[in-house]
>>> print(open('coords.tsv').read())   # TSV, C-alpha atoms and all ligand atoms
chain	number	residue	atom	x	y	z
A	25	MET	CA	83.91	116.95	89.75
A	26	SER	CA	87.20	116.51	91.56
A	27	GLU	CA	90.44	116.57	89.61
A	28	ASN	CA	91.30	113.26	91.27
A	29	ILE	CA	90.57	110.36	88.97
A	30	ILE	CA	91.10	107.71	91.65
A	31	GLU	CA	90.93	107.95	95.42
A	32	LEU	CA	91.84	105.24	97.90
A	33	VAL	CA	90.21	106.07	101.22
A	34	ASP	CA	91.26	104.23	104.43
A	35	ILE	CA	92.06	101.07	102.48
A	36	SER	CA	93.20	97.97	104.32
A	37	LYS	CA	93.75	94.50	102.89
A	38	THR	CA	94.12	91.36	104.95
A	39	TYR	CA	95.15	87.91	103.68
A	40	ASP	CA	94.76	85.03	106.15
A	41	SER	CA	94.82	87.40	109.15
A	42	THR	CA	97.94	89.22	107.87
A	43	GLU	CA	97.31	92.88	107.13
A	44	VAL	CA	99.34	93.60	103.97
A	45	LEU	CA	97.93	97.11	103.41
A	46	LYS	CA	97.33	99.32	106.42
A	47	ASN	CA	95.06	102.29	106.12
A	48	ILE	CA	96.16	103.54	102.70
A	49	ASN	CA	95.00	107.01	101.70
A	50	LEU	CA	96.00	108.01	98.21
A	51	TYR	CA	94.66	110.56	95.74
A	52	ILE	CA	95.63	110.15	92.11
A	53	ARG	CA	95.15	113.12	89.80
A	54	LYS	CA	94.06	112.96	86.18
A	55	ASN	CA	96.95	112.63	83.71
A	56	GLU	CA	99.59	112.13	86.34
A	57	PHE	CA	102.38	109.57	86.30
A	58	LEU	CA	102.27	108.12	89.78
A	59	THR	CA	104.72	105.47	90.94
A	60	LEU	CA	104.35	103.05	93.84
A	61	LEU	CA	107.88	102.42	95.05
A	62	GLY	CA	109.13	100.11	97.76
A	63	PRO	CA	110.95	96.87	98.53
A	64	SER	CA	109.59	93.44	97.65
A	65	GLY	CA	106.49	92.54	99.64
A	66	CYS	CA	105.58	96.09	100.72
A	67	GLY	CA	102.16	95.91	99.04
A	68	LYS	CA	102.66	97.66	95.69
A	69	THR	CA	101.11	94.94	93.54
A	70	THR	CA	98.24	94.47	95.96
A	71	THR	CA	97.45	98.20	95.71
A	72	LEU	CA	97.49	97.97	91.91
A	73	ARG	CA	95.26	94.87	91.92
A	74	LEU	CA	92.74	96.67	94.13
A	75	ILE	CA	92.60	99.56	91.67
A	76	GLY	CA	92.27	97.12	88.74
A	77	GLY	CA	89.46	95.24	90.47
A	78	PHE	CA	91.34	91.92	90.71
A	79	GLU	CA	91.17	92.11	94.52
A	80	PHE	CA	88.71	93.74	96.87
A	81	PRO	CA	89.57	95.81	99.93
A	82	THR	CA	88.98	94.36	103.38
A	83	LYS	CA	88.19	97.85	104.57
A	84	GLY	CA	87.85	101.29	102.95
A	85	ASN	CA	86.66	102.68	99.64
A	86	ILE	CA	87.98	103.04	96.12
A	87	LEU	CA	86.53	105.97	94.20
A	88	PHE	CA	86.72	106.61	90.46
A	89	GLU	CA	85.87	110.22	89.60
A	90	GLY	CA	84.20	110.45	92.98
A	91	LYS	CA	82.04	107.30	92.61
A	92	ASN	CA	82.53	104.19	94.69
A	93	ILE	CA	83.78	101.31	92.50
A	94	ASN	CA	84.52	98.81	95.30
A	95	SER	CA	82.36	96.09	93.80
A	96	LEU	CA	82.82	96.86	90.09
A	97	PRO	CA	84.49	93.94	88.21
A	98	PRO	CA	87.72	94.67	86.25
A	99	TYR	CA	86.10	94.75	82.81
A	100	LYS	CA	83.70	97.49	83.91
A	101	ARG	CA	86.48	99.78	85.16
A	102	ARG	CA	88.01	102.29	82.75
A	103	VAL	CA	91.37	100.86	83.66
A	104	ASN	CA	93.79	98.56	81.79
A	105	THR	CA	96.77	96.66	83.13
A	106	VAL	CA	100.20	95.78	81.75
A	107	PHE	CA	101.85	93.01	83.75
A	108	GLN	CA	105.54	92.17	83.97
A	109	LYS	CA	104.96	88.90	82.17
A	110	TYR	CA	103.40	90.34	79.07
A	111	ALA	CA	101.01	87.42	78.47
A	112	LEU	CA	100.82	87.92	74.73
A	113	PHE	CA	99.24	85.23	72.56
A	114	SER	CA	102.37	83.76	70.97
A	115	HIS	CA	100.50	81.90	68.23
A	116	MET	CA	98.91	85.11	66.95
A	117	THR	CA	100.41	87.97	64.94
A	118	VAL	CA	101.12	91.41	66.37
A	119	GLU	CA	97.94	92.75	64.77
A	120	GLU	CA	95.79	89.93	66.15
A	121	ASN	CA	97.20	90.48	69.63
A	122	ILE	CA	96.51	94.20	69.63
A	123	ALA	CA	93.11	93.85	67.97
A	124	PHE	CA	91.92	91.15	70.39
A	125	GLY	CA	90.05	93.42	72.82
A	126	LEU	CA	88.60	95.56	70.02
A	127	LYS	CA	87.18	92.50	68.25
A	128	ILE	CA	85.47	91.43	71.45
A	129	LYS	CA	83.90	94.90	71.54
A	130	LYS	CA	82.72	94.17	67.95
A	131	LEU	CA	84.23	97.28	66.40
A	132	ASP	CA	84.15	97.69	62.61
A	133	PRO	CA	87.19	95.81	61.10
A	134	LYS	CA	88.24	98.96	59.23
A	135	VAL	CA	88.27	100.97	62.46
A	136	ILE	CA	90.23	98.21	64.19
A	137	LYS	CA	92.88	98.22	61.42
A	138	GLU	CA	93.25	101.98	61.70
A	139	LYS	CA	93.54	101.88	65.49
A	140	VAL	CA	96.17	99.12	65.36
A	141	ARG	CA	98.17	101.11	62.81
A	142	ASN	CA	98.07	104.26	64.94
A	143	ILE	CA	99.05	102.50	68.12
A	144	LEU	CA	101.97	100.70	66.40
A	145	ASN	CA	103.18	104.11	65.27
A	146	LEU	CA	103.01	105.33	68.83
A	147	VAL	CA	105.14	102.48	70.17
A	148	ASN	CA	107.62	102.88	67.28
A	149	LEU	CA	106.74	99.54	65.66
A	150	ALA	CA	105.00	100.74	62.51
A	151	GLY	CA	104.69	98.00	59.89
A	152	TYR	CA	104.97	95.12	62.37
A	153	GLU	CA	101.31	94.04	61.94
A	154	ASN	CA	102.01	90.63	60.42
A	155	ARG	CA	105.03	89.63	62.47
A	156	SER	CA	104.64	86.70	64.84
A	157	ILE	CA	105.17	87.41	68.53
A	158	ASP	CA	107.94	84.79	68.74
A	159	SER	CA	110.01	86.70	66.17
A	160	LEU	CA	110.16	89.85	68.34
A	161	SER	CA	112.79	90.82	70.90
A	162	GLY	CA	111.87	91.20	74.59
A	163	GLY	CA	111.69	94.97	74.26
A	164	GLN	CA	109.47	94.76	71.18
A	165	GLN	CA	107.17	92.27	72.89
A	166	GLN	CA	106.89	94.61	75.84
A	167	ARG	CA	105.92	97.46	73.52
A	168	ILE	CA	103.24	95.26	71.95
A	169	ALA	CA	101.89	94.48	75.42
A	170	ILE	CA	101.70	98.21	76.12
A	171	ALA	CA	100.11	98.85	72.70
A	172	ARG	CA	97.50	96.17	73.41
A	173	ALA	CA	96.52	97.95	76.63
A	174	LEU	CA	96.62	101.45	75.14
A	175	VAL	CA	94.50	100.60	72.09
A	176	ASN	CA	91.50	100.26	74.42
A	177	GLU	CA	91.95	103.95	75.31
A	178	PRO	CA	91.72	103.46	79.06
A	179	ASP	CA	91.55	106.48	81.36
A	180	VAL	CA	94.06	104.81	83.62
A	181	LEU	CA	96.86	102.40	82.78
A	182	LEU	CA	98.24	100.20	85.55
A	183	LEU	CA	101.79	98.97	84.95
A	184	ASP	CA	103.32	96.33	87.23
A	185	GLU	CA	107.12	96.35	86.81
A	186	PRO	CA	106.64	96.36	83.02
A	187	LEU	CA	110.35	96.81	82.31
A	188	GLY	CA	111.62	94.36	84.93
A	189	ALA	CA	112.66	91.69	82.43
A	190	LEU	CA	114.61	94.01	80.13
A	191	ASP	CA	118.34	94.73	80.25
A	192	LEU	CA	119.53	98.09	81.56
A	193	LYS	CA	120.02	99.94	78.26
A	194	LEU	CA	116.67	98.84	76.85
A	195	ARG	CA	114.98	99.61	80.15
A	196	GLN	CA	116.32	103.16	80.09
A	197	ASP	CA	115.18	103.66	76.48
A	198	MET	CA	111.73	102.30	77.34
A	199	GLN	CA	111.48	104.60	80.37
A	200	VAL	CA	111.84	107.59	78.08
A	201	GLU	CA	109.36	106.14	75.57
A	202	LEU	CA	106.74	105.32	78.19
A	203	LYS	CA	106.95	108.81	79.60
A	204	ARG	CA	106.56	110.28	76.09
A	205	MET	CA	103.51	108.11	75.37
A	206	GLN	CA	101.91	109.00	78.67
A	207	LYS	CA	102.26	112.74	78.04
A	208	GLN	CA	101.18	112.42	74.40
A	209	LEU	CA	98.03	110.44	75.26
A	210	GLY	CA	97.19	112.25	78.49
A	211	ILE	CA	96.45	108.98	80.30
A	212	THR	CA	96.92	108.52	84.04
A	213	PHE	CA	99.72	105.98	84.64
A	214	ILE	CA	100.00	104.09	87.91
A	215	TYR	CA	103.35	102.39	87.83
A	216	VAL	CA	104.86	99.83	90.18
A	217	THR	CA	108.60	99.43	90.59
A	218	HIS	CA	111.20	98.66	93.23
A	219	ASP	CA	113.81	100.56	91.20
A	220	GLN	CA	114.34	103.99	92.73
A	221	GLU	CA	116.14	105.42	89.68
A	222	GLU	CA	113.28	104.40	87.44
A	223	ALA	CA	110.82	106.07	89.83
A	224	LEU	CA	112.88	109.27	89.98
A	225	THR	CA	113.22	109.42	86.17
A	226	MET	CA	109.62	108.87	85.18
A	227	SER	CA	107.23	109.99	87.88
A	228	ASP	CA	105.26	113.14	88.60
A	229	THR	CA	104.47	111.68	92.02
A	230	ILE	CA	106.22	108.93	93.99
A	231	VAL	CA	104.54	106.97	96.78
A	232	VAL	CA	107.12	105.22	98.96
A	233	MET	CA	105.76	102.16	100.77
A	234	LYS	CA	107.11	99.85	103.46
A	235	ASP	CA	105.29	96.92	105.10
A	236	GLY	CA	101.89	98.01	103.77
A	237	VAL	CA	102.23	101.58	105.04
A	238	ILE	CA	102.75	104.71	102.94
A	239	GLN	CA	105.92	106.40	104.15
A	240	GLN	CA	105.86	109.48	101.93
A	241	ILE	CA	104.06	110.92	98.91
A	242	GLY	CA	105.77	113.63	96.89
A	243	THR	CA	107.50	114.75	93.70
A	244	PRO	CA	110.81	113.05	92.88
A	245	GLU	CA	112.56	116.21	94.11
A	246	ASP	CA	110.63	116.19	97.42
A	247	ILE	CA	111.37	112.55	98.01
A	248	TYR	CA	115.05	112.88	97.19
A	249	ASN	CA	115.77	116.20	98.85
A	250	GLU	CA	113.37	116.09	101.77
A	251	PRO	CA	112.87	112.44	102.70
A	252	LYS	CA	110.48	112.21	105.63
A	253	ASN	CA	112.34	109.46	107.44
A	254	ALA	CA	115.52	107.41	107.32
A	255	PHE	CA	113.83	104.54	105.46
A	256	VAL	CA	112.84	106.80	102.55
A	257	ALA	CA	116.26	108.46	102.53
A	258	ASP	CA	118.07	105.15	102.44
A	259	PHE	CA	115.75	103.55	99.91
A	260	ILE	CA	115.81	106.44	97.45
A	261	GLY	CA	119.60	106.78	97.37
A	262	GLU	CA	122.71	105.80	99.24
A	263	SER	CA	122.92	107.90	102.37
A	264	ASN	CA	124.82	108.28	105.58
A	265	ILE	CA	122.26	107.77	108.34
A	266	ILE	CA	123.50	108.61	111.80
A	267	PRO	CA	121.57	108.65	115.08
A	268	GLY	CA	121.52	112.13	116.55
A	269	VAL	CA	119.82	114.37	119.09
A	270	MET	CA	118.13	117.68	118.33
A	271	LYS	CA	119.67	119.93	120.99
A	272	LYS	CA	117.61	123.02	120.40
A	273	ASP	CA	116.41	125.10	117.43
A	274	TYR	CA	118.97	124.98	114.61
A	275	LEU	CA	121.45	122.77	116.49
A	276	VAL	CA	121.78	119.00	116.22
A	277	GLU	CA	124.35	116.71	117.77
A	278	PHE	CA	125.75	113.66	116.00
A	279	ALA	CA	129.17	112.05	115.61
A	280	ASN	CA	130.07	113.69	118.98
A	281	THR	CA	129.86	117.11	117.37
A	282	THR	CA	127.24	119.85	117.36
A	283	PHE	CA	126.19	121.05	113.91
A	284	GLU	CA	124.05	123.90	112.73
A	285	CYS	CA	121.04	122.67	110.79
A	286	VAL	CA	117.74	123.83	109.35
A	287	ASP	CA	115.16	123.59	112.14
A	288	LYS	CA	112.23	121.22	111.60
A	289	GLY	CA	110.45	122.11	114.85
A	290	PHE	CA	110.99	118.68	116.44
A	291	GLY	CA	111.75	120.27	119.83
A	292	SER	CA	114.78	119.98	122.14
A	293	ASN	CA	116.49	116.76	123.21
A	294	GLN	CA	114.61	114.70	120.64
A	295	PRO	CA	116.34	111.60	119.31
A	296	VAL	CA	116.38	111.83	115.50
A	297	ASP	CA	117.95	110.23	112.45
A	298	VAL	CA	120.37	112.50	110.62
A	299	VAL	CA	120.64	111.84	106.89
A	300	ILE	CA	123.53	113.15	104.80
A	301	ARG	CA	123.94	112.38	101.11
A	302	PRO	CA	127.40	111.17	99.99
A	303	GLU	CA	127.59	114.03	97.47
A	304	ASP	CA	126.85	116.64	100.16
A	305	ILE	CA	130.01	116.10	102.18
A	306	GLU	CA	132.94	118.34	101.30
A	307	VAL	CA	136.38	116.73	101.63
A	308	THR	CA	139.53	118.78	102.20
A	309	GLU	CA	143.14	117.72	102.65
A	310	GLY	CA	144.91	117.41	106.00
A	311	ASN	CA	143.81	118.48	109.45
A	312	THR	CA	140.90	120.63	108.24
A	313	GLY	CA	137.07	120.61	108.21
A	314	MET	CA	134.48	119.99	110.92
A	315	LEU	CA	135.35	116.29	111.35
A	316	GLN	CA	138.73	114.68	110.79
A	317	GLY	CA	139.20	111.24	109.31
A	318	VAL	CA	141.25	108.85	107.24
A	319	VAL	CA	140.40	107.58	103.75
A	320	GLU	CA	139.81	103.83	103.98
A	321	SER	CA	138.97	103.03	100.37
A	322	VAL	CA	138.44	104.68	97.00
A	323	THR	CA	136.36	103.37	94.09
A	324	PHE	CA	136.11	105.09	90.72
A	325	LYS	CA	132.43	105.29	89.71
A	326	GLY	CA	132.72	106.98	86.33
A	327	VAL	CA	131.37	110.42	87.21
A	328	HIS	CA	132.78	110.60	90.74
A	329	TYR	CA	134.97	108.78	93.24
A	330	GLU	CA	133.30	106.94	96.08
A	331	MET	CA	135.42	107.15	99.23
A	332	MET	CA	134.85	105.51	102.58
A	333	ILE	CA	136.22	107.84	105.24
A	334	LYS	CA	136.60	106.74	108.85
A	335	THR	CA	136.24	109.24	111.68
A	336	ASP	CA	136.14	108.48	115.45
A	337	THR	CA	132.44	107.71	115.44
A	338	PHE	CA	131.32	106.77	111.92
A	339	ASN	CA	132.32	105.42	108.51
A	340	TRP	CA	131.22	108.03	105.97
A	341	MET	CA	130.40	107.37	102.35
A	342	VAL	CA	131.49	110.38	100.30
A	343	HIS	CA	131.12	111.08	96.58
A	344	SER	CA	133.53	113.59	95.15
A	345	THR	CA	134.96	114.50	91.75
A	346	SER	CA	138.39	114.94	93.36
A	347	MET	CA	140.24	111.91	94.66
A	348	HIS	CA	141.99	111.59	98.02
A	349	PRO	CA	144.19	108.48	98.17
A	350	PRO	CA	143.71	105.69	100.72
A	351	LYS	CA	145.30	106.32	104.17
A	352	SER	CA	145.38	110.10	103.62
A	353	GLN	CA	144.24	112.39	106.41
A	354	VAL	CA	141.18	114.47	105.39
A	355	GLY	CA	138.65	116.88	106.81
A	356	LEU	CA	134.89	116.69	106.28
A	357	THR	CA	132.54	119.66	106.16
A	358	ILE	CA	128.74	119.49	106.02
A	359	LEU	CA	126.69	122.63	105.45
A	360	PRO	CA	123.48	123.21	107.45
A	361	TYR	CA	121.08	122.74	104.52
A	362	ASN	CA	122.65	119.38	103.69
A	363	ILE	CA	121.89	118.01	107.15
A	364	HIS	CA	118.48	116.35	106.92
A	365	ILE	CA	116.80	115.74	110.25
A	366	MET	CA	114.27	112.89	110.15
A	367	LYS	CA	111.70	111.30	112.35
A	368	LYS	CA	112.10	107.55	112.81
A	369	ALA	CA	110.38	105.38	110.11
A	370	VAL	CA	106.68	104.57	110.63
A	371	ASN	CA	105.47	100.96	110.83
B	1	LIG	N1	96.84	86.20	97.28
B	1	LIG	C1	97.60	86.35	98.36
B	1	LIG	N2	97.46	85.57	99.43
B	1	LIG	C2	98.21	85.73	100.53
B	1	LIG	N3	99.16	86.68	100.66
B	1	LIG	C3	99.35	87.50	99.63
B	1	LIG	C4	98.60	87.39	98.42
B	1	LIG	N4	99.03	88.35	97.56
B	1	LIG	C5	100.00	89.02	98.20
B	1	LIG	N5	100.21	88.51	99.45
B	1	LIG	C6	101.19	89.00	100.44
B	1	LIG	O1	100.99	90.38	100.58
B	1	LIG	C7	102.24	91.08	100.77
B	1	LIG	C8	102.36	92.18	99.75
B	1	LIG	O2	102.51	91.62	98.45
B	1	LIG	P1	102.63	92.47	97.13
B	1	LIG	O3	102.71	91.50	95.98
B	1	LIG	O4	101.56	93.47	97.09
B	1	LIG	O5	104.02	93.18	97.34
B	1	LIG	P2	104.93	93.97	96.31
B	1	LIG	O6	105.35	95.21	97.01
B	1	LIG	O7	104.24	94.13	95.02
B	1	LIG	O8	106.17	93.00	96.15
B	1	LIG	P3	107.00	92.57	94.84
B	1	LIG	O9	107.83	93.76	94.47
B	1	LIG	O10	107.83	91.42	95.35
B	1	LIG	O11	106.01	92.16	93.81
B	1	LIG	C9	103.32	90.02	100.67
B	1	LIG	O12	103.70	89.67	101.98
B	1	LIG	C10	102.63	88.88	99.96
B	1	LIG	O13	103.18	87.64	100.36
>>> encode(input="coords.tsv", output="structure tokens")
Amino acid sequence: MSENIIELVDISKTYDSTEVLKNINLYIRKNEFLTLLGPSGCGKTTTLRLIGGFEFPTKGNILFEGKNINSLPPYKRRVNTVFQKYALFSHMTVEENIAFGLKIKKLDPKVIKEKVRNILNLVNLAGYENRSIDSLSGGQQQRIAIARALVNEPDVLLLDEPLGALDLKLRQDMQVELKRMQKQLGITFIYVTHDQEEALTMSDTIVVMKDGVIQQIGTPEDIYNEPKNAFVADFIGESNIIPGVMKKDYLVEFANTTFECVDKGFGSNQPVDVVIRPEDIEVTEGNTGMLQGVVESVTFKGVHYEMMIKTDTFNWMVHSTSMHPPKSQVGLTILPYNIHIMKKAVN
């Protein structure tokens, strides 16, 4: 048996002659926390709905533990879903909401009570059995929605922007809690978000999508440090993206200057995108550095200063813990391993 729990093989999905998923190949390992990340409309929810069985692929195969489940209805898949709108039954108590699926399965009432108690412990809402849904905060309701899915002990939990409606502080707390639950229960989580920070915080694997095409699959570190193209680099964090030309091995030209870089084997005279993170540019005072510029603006961001620095050819965004005042002359230095050479984005 493969260690992949779910495999999407050459999946395409067309709605009214528009192809919204284009040849998706994705292998999801048992017990991993995998996140589908991308801008609105890129096909994240559609991918999740295909896995849940709420939609069927136009082309390709979906495998569960190696077996084709293309035509299996949702209730026969060992998969549960938590949607953004939690869809709890507001006229029922917490216990009735969580027990709903178990009652349908005709489990012994004593077993149901025990399971509800355990799952409420897990989501840190022990003793909430008899509370009405209306009396709970948004964050508590969301935890009940998660508890209701988890109590069925699915092998895979699909989560579609489950924290989207919560405010920032609560969202961050819930991110930590969700991750803890996932590890504790050993369930495979497939998580949809358009929030890059959320994806970086929680995931074992991130799948970056754009216009129905997978742009990159990797660990958060891979995606952040080695983005495959300018789209991924820009989406995953603020970056300086400059058109450049690979001159020959280890040399790239951009901003009218030739820089040493780490060779990617793209060949000579290739047009490329050069991506440089704001925190990877060193700023020094006066007529110094590899490029010379003038500070246009400074914004205090709490941990660092964000400076916009204008050189002859480009406006650079720089993050630094030391501040250089507006209008001051500065030098910029970029080390070879901080110069990321990218292919153009795929469509
Ligand atoms: N039932 C449908 N009929 C027609 N088009 C659809 C249907 N469902 C989704 N689409 C289209 O498919 C594309 C992908 O939608 P999807 O909901 O998967 O994107 P998403 O990445 O989840 O976006 P969001 O973050 O906004 O939810 C969109 O252009 C959407 O309009």
>>> closest_atom_pairs(input="coords.tsv", of="chain A", to="ligand LIG 1 (chain B)", cutoff="8 Å", atoms="all atoms listed in the file", output="JSON lines")
{"residue": "A:Tyr39", "atom": "CA", "partner": "B:LIG1", "partner_atom": "C2", "distance": 4.9}
{"residue": "A:Asp40", "atom": "CA", "partner": "B:LIG1", "partner_atom": "C2", "distance": 6.6}
{"residue": "A:Thr42", "atom": "CA", "partner": "B:LIG1", "partner_atom": "N3", "distance": 7.7}
{"residue": "A:Glu43", "atom": "CA", "partner": "B:LIG1", "partner_atom": "O1", "distance": 7.9}
{"residue": "A:Val44", "atom": "CA", "partner": "B:LIG1", "partner_atom": "O1", "distance": 5.0}
{"residue": "A:Leu45", "atom": "CA", "partner": "B:LIG1", "partner_atom": "C8", "distance": 7.6}
{"residue": "A:Leu61", "atom": "CA", "partner": "B:LIG1", "partner_atom": "O6", "distance": 7.9}
{"residue": "A:Gly62", "atom": "CA", "partner": "B:LIG1", "partner_atom": "O6", "distance": 6.2}
{"residue": "A:Pro63", "atom": "CA", "partner": "B:LIG1", "partner_atom": "O9", "distance": 6.0}
{"residue": "A:Ser64", "atom": "CA", "partner": "B:LIG1", "partner_atom": "O10", "distance": 3.5}
{"residue": "A:Gly65", "atom": "CA", "partner": "B:LIG1", "partner_atom": "O5", "distance": 3.4}
{"residue": "A:Cys66", "atom": "CA", "partner": "B:LIG1", "partner_atom": "O6", "distance": 3.8}
{"residue": "A:Gly67", "atom": "CA", "partner": "B:LIG1", "partner_atom": "O4", "distance": 3.2}
{"residue": "A:Lys68", "atom": "CA", "partner": "B:LIG1", "partner_atom": "O6", "distance": 3.9}
{"residue": "A:Thr69", "atom": "CA", "partner": "B:LIG1", "partner_atom": "O7", "distance": 3.6}
{"residue": "A:Thr70", "atom": "CA", "partner": "B:LIG1", "partner_atom": "O4", "distance": 3.6}
{"residue": "A:Thr71", "atom": "CA", "partner": "B:LIG1", "partner_atom": "O4", "distance": 6.4}
{"residue": "A:Leu72", "atom": "CA", "partner": "B:LIG1", "partner_atom": "O4", "distance": 8.0}
{"residue": "A:Val216", "atom": "CA", "partner": "B:LIG1", "partner_atom": "O7", "distance": 7.5}
{"residue": "A:Thr217", "atom": "CA", "partner": "B:LIG1", "partner_atom": "O9", "distance": 6.9}
{"residue": "A:His218", "atom": "CA", "partner": "B:LIG1", "partner_atom": "O9", "distance": 6.1}
{"residue": "A:Met233", "atom": "CA", "partner": "B:LIG1", "partner_atom": "O6", "distance": 7.9}
{"residue": "A:Asp235", "atom": "CA", "partner": "B:LIG1", "partner_atom": "C8", "distance": 7.7}
{"residue": "A:Gly236", "atom": "CA", "partner": "B:LIG1", "partner_atom": "C8", "distance": 7.1}
>>> residues_around(input="coords.tsv", residues="Lys334 in chain A", least_positions_apart="6", cutoff="7 Å", atoms="all atoms listed in the file", output="number ranges by chain")
A: 317-320, 340
>>> atom_distance(input="coords.tsv", atom1="CA of Ile211 in chain A", atom2="CA of Asp197 in chain A")
19.8 Å
>>> closest_residue(input="coords.tsv", among="A:Val322, A:Val298, A:Ile170, A:Leu131", to="Ala279 in chain A", atoms="all atoms listed in the file")
A:Val298
>>> closest_residue(input="coords.tsv", among="A:Met116, A:Val354, A:Met332, A:Val286", to="Thr308 in chain A", atoms="all atoms listed in the file")
A:Val354
>>> atom_distance(input="coords.tsv", atom1="CA of Leu183 in chain A", atom2="CA of Lys83 in chain A")
23.9 Å
>>> closest_residue(input="coords.tsv", among="A:Asn249, A:Ser227, A:Asn264, A:Thr345", to="Tyr361 in chain A", atoms="all atoms listed in the file")
A:Asn249
>>> atom_distance(input="coords.tsv", atom1="CA of Val296 in chain A", atom2="CA of Glu245 in chain A")
22.2 Å
>>> closest_residue(input="coords.tsv", among="A:Val147, A:Asn176, A:Gly313, A:Phe107", to="Leu202 in chain A", atoms="all atoms listed in the file")
A:Val147
>>> closest_residue(input="coords.tsv", among="A:Asp297, A:Glu306, A:Asp158, A:Asp287", to="Pro251 in chain A", atoms="all atoms listed in the file")
A:Asp297
>>> residues_around(input="coords.tsv", residues="Asn121 in chain A", least_positions_apart="5", cutoff="9 Å", atoms="all atoms listed in the file", output="compact mmCIF listing (two decimals) with C-alpha atoms, in the frame of the given file")
# COMPACT_ATOMS: atom_id res chain seq x y z
CA LEU A 112 100.82 87.92 74.73
CA PHE A 113 99.24 85.23 72.56
CA SER A 114 102.37 83.76 70.97
CA MET A 116 98.91 85.11 66.95
CA ILE A 157 105.17 87.41 68.53
CA ILE A 168 103.24 95.26 71.95
CA ALA A 169 101.89 94.48 75.42
CA ARG A 172 97.50 96.17 73.41
>>> residues_around(input="coords.tsv", residues="His364 in chain A", least_positions_apart="2", cutoff="7 Å", atoms="all atoms listed in the file", output="ChimeraX atom specification")
/A:298-300,362,366
>>> closest_residue(input="coords.tsv", among="A:Arg167, A:Lys134, A:Lys252, A:Lys288", to="Ala150 in chain A", atoms="all atoms listed in the file")
A:Arg167
>>> residues_around(input="coords.tsv", residues="Tyr51 in chain A", least_positions_apart="6", cutoff="12 Å", atoms="all atoms listed in the file", output="list in words")
Ser26, Glu27, Asn28, Ile29, Ile30, Glu31, Leu32, Val33, Asp34, Ile35, Leu58, Ile75, Asn85, Ile86, Leu87, Phe88, Glu89, Gly90, Ile214, Thr229, Ile230, Val231, Ile241 and Gly242 of chain A
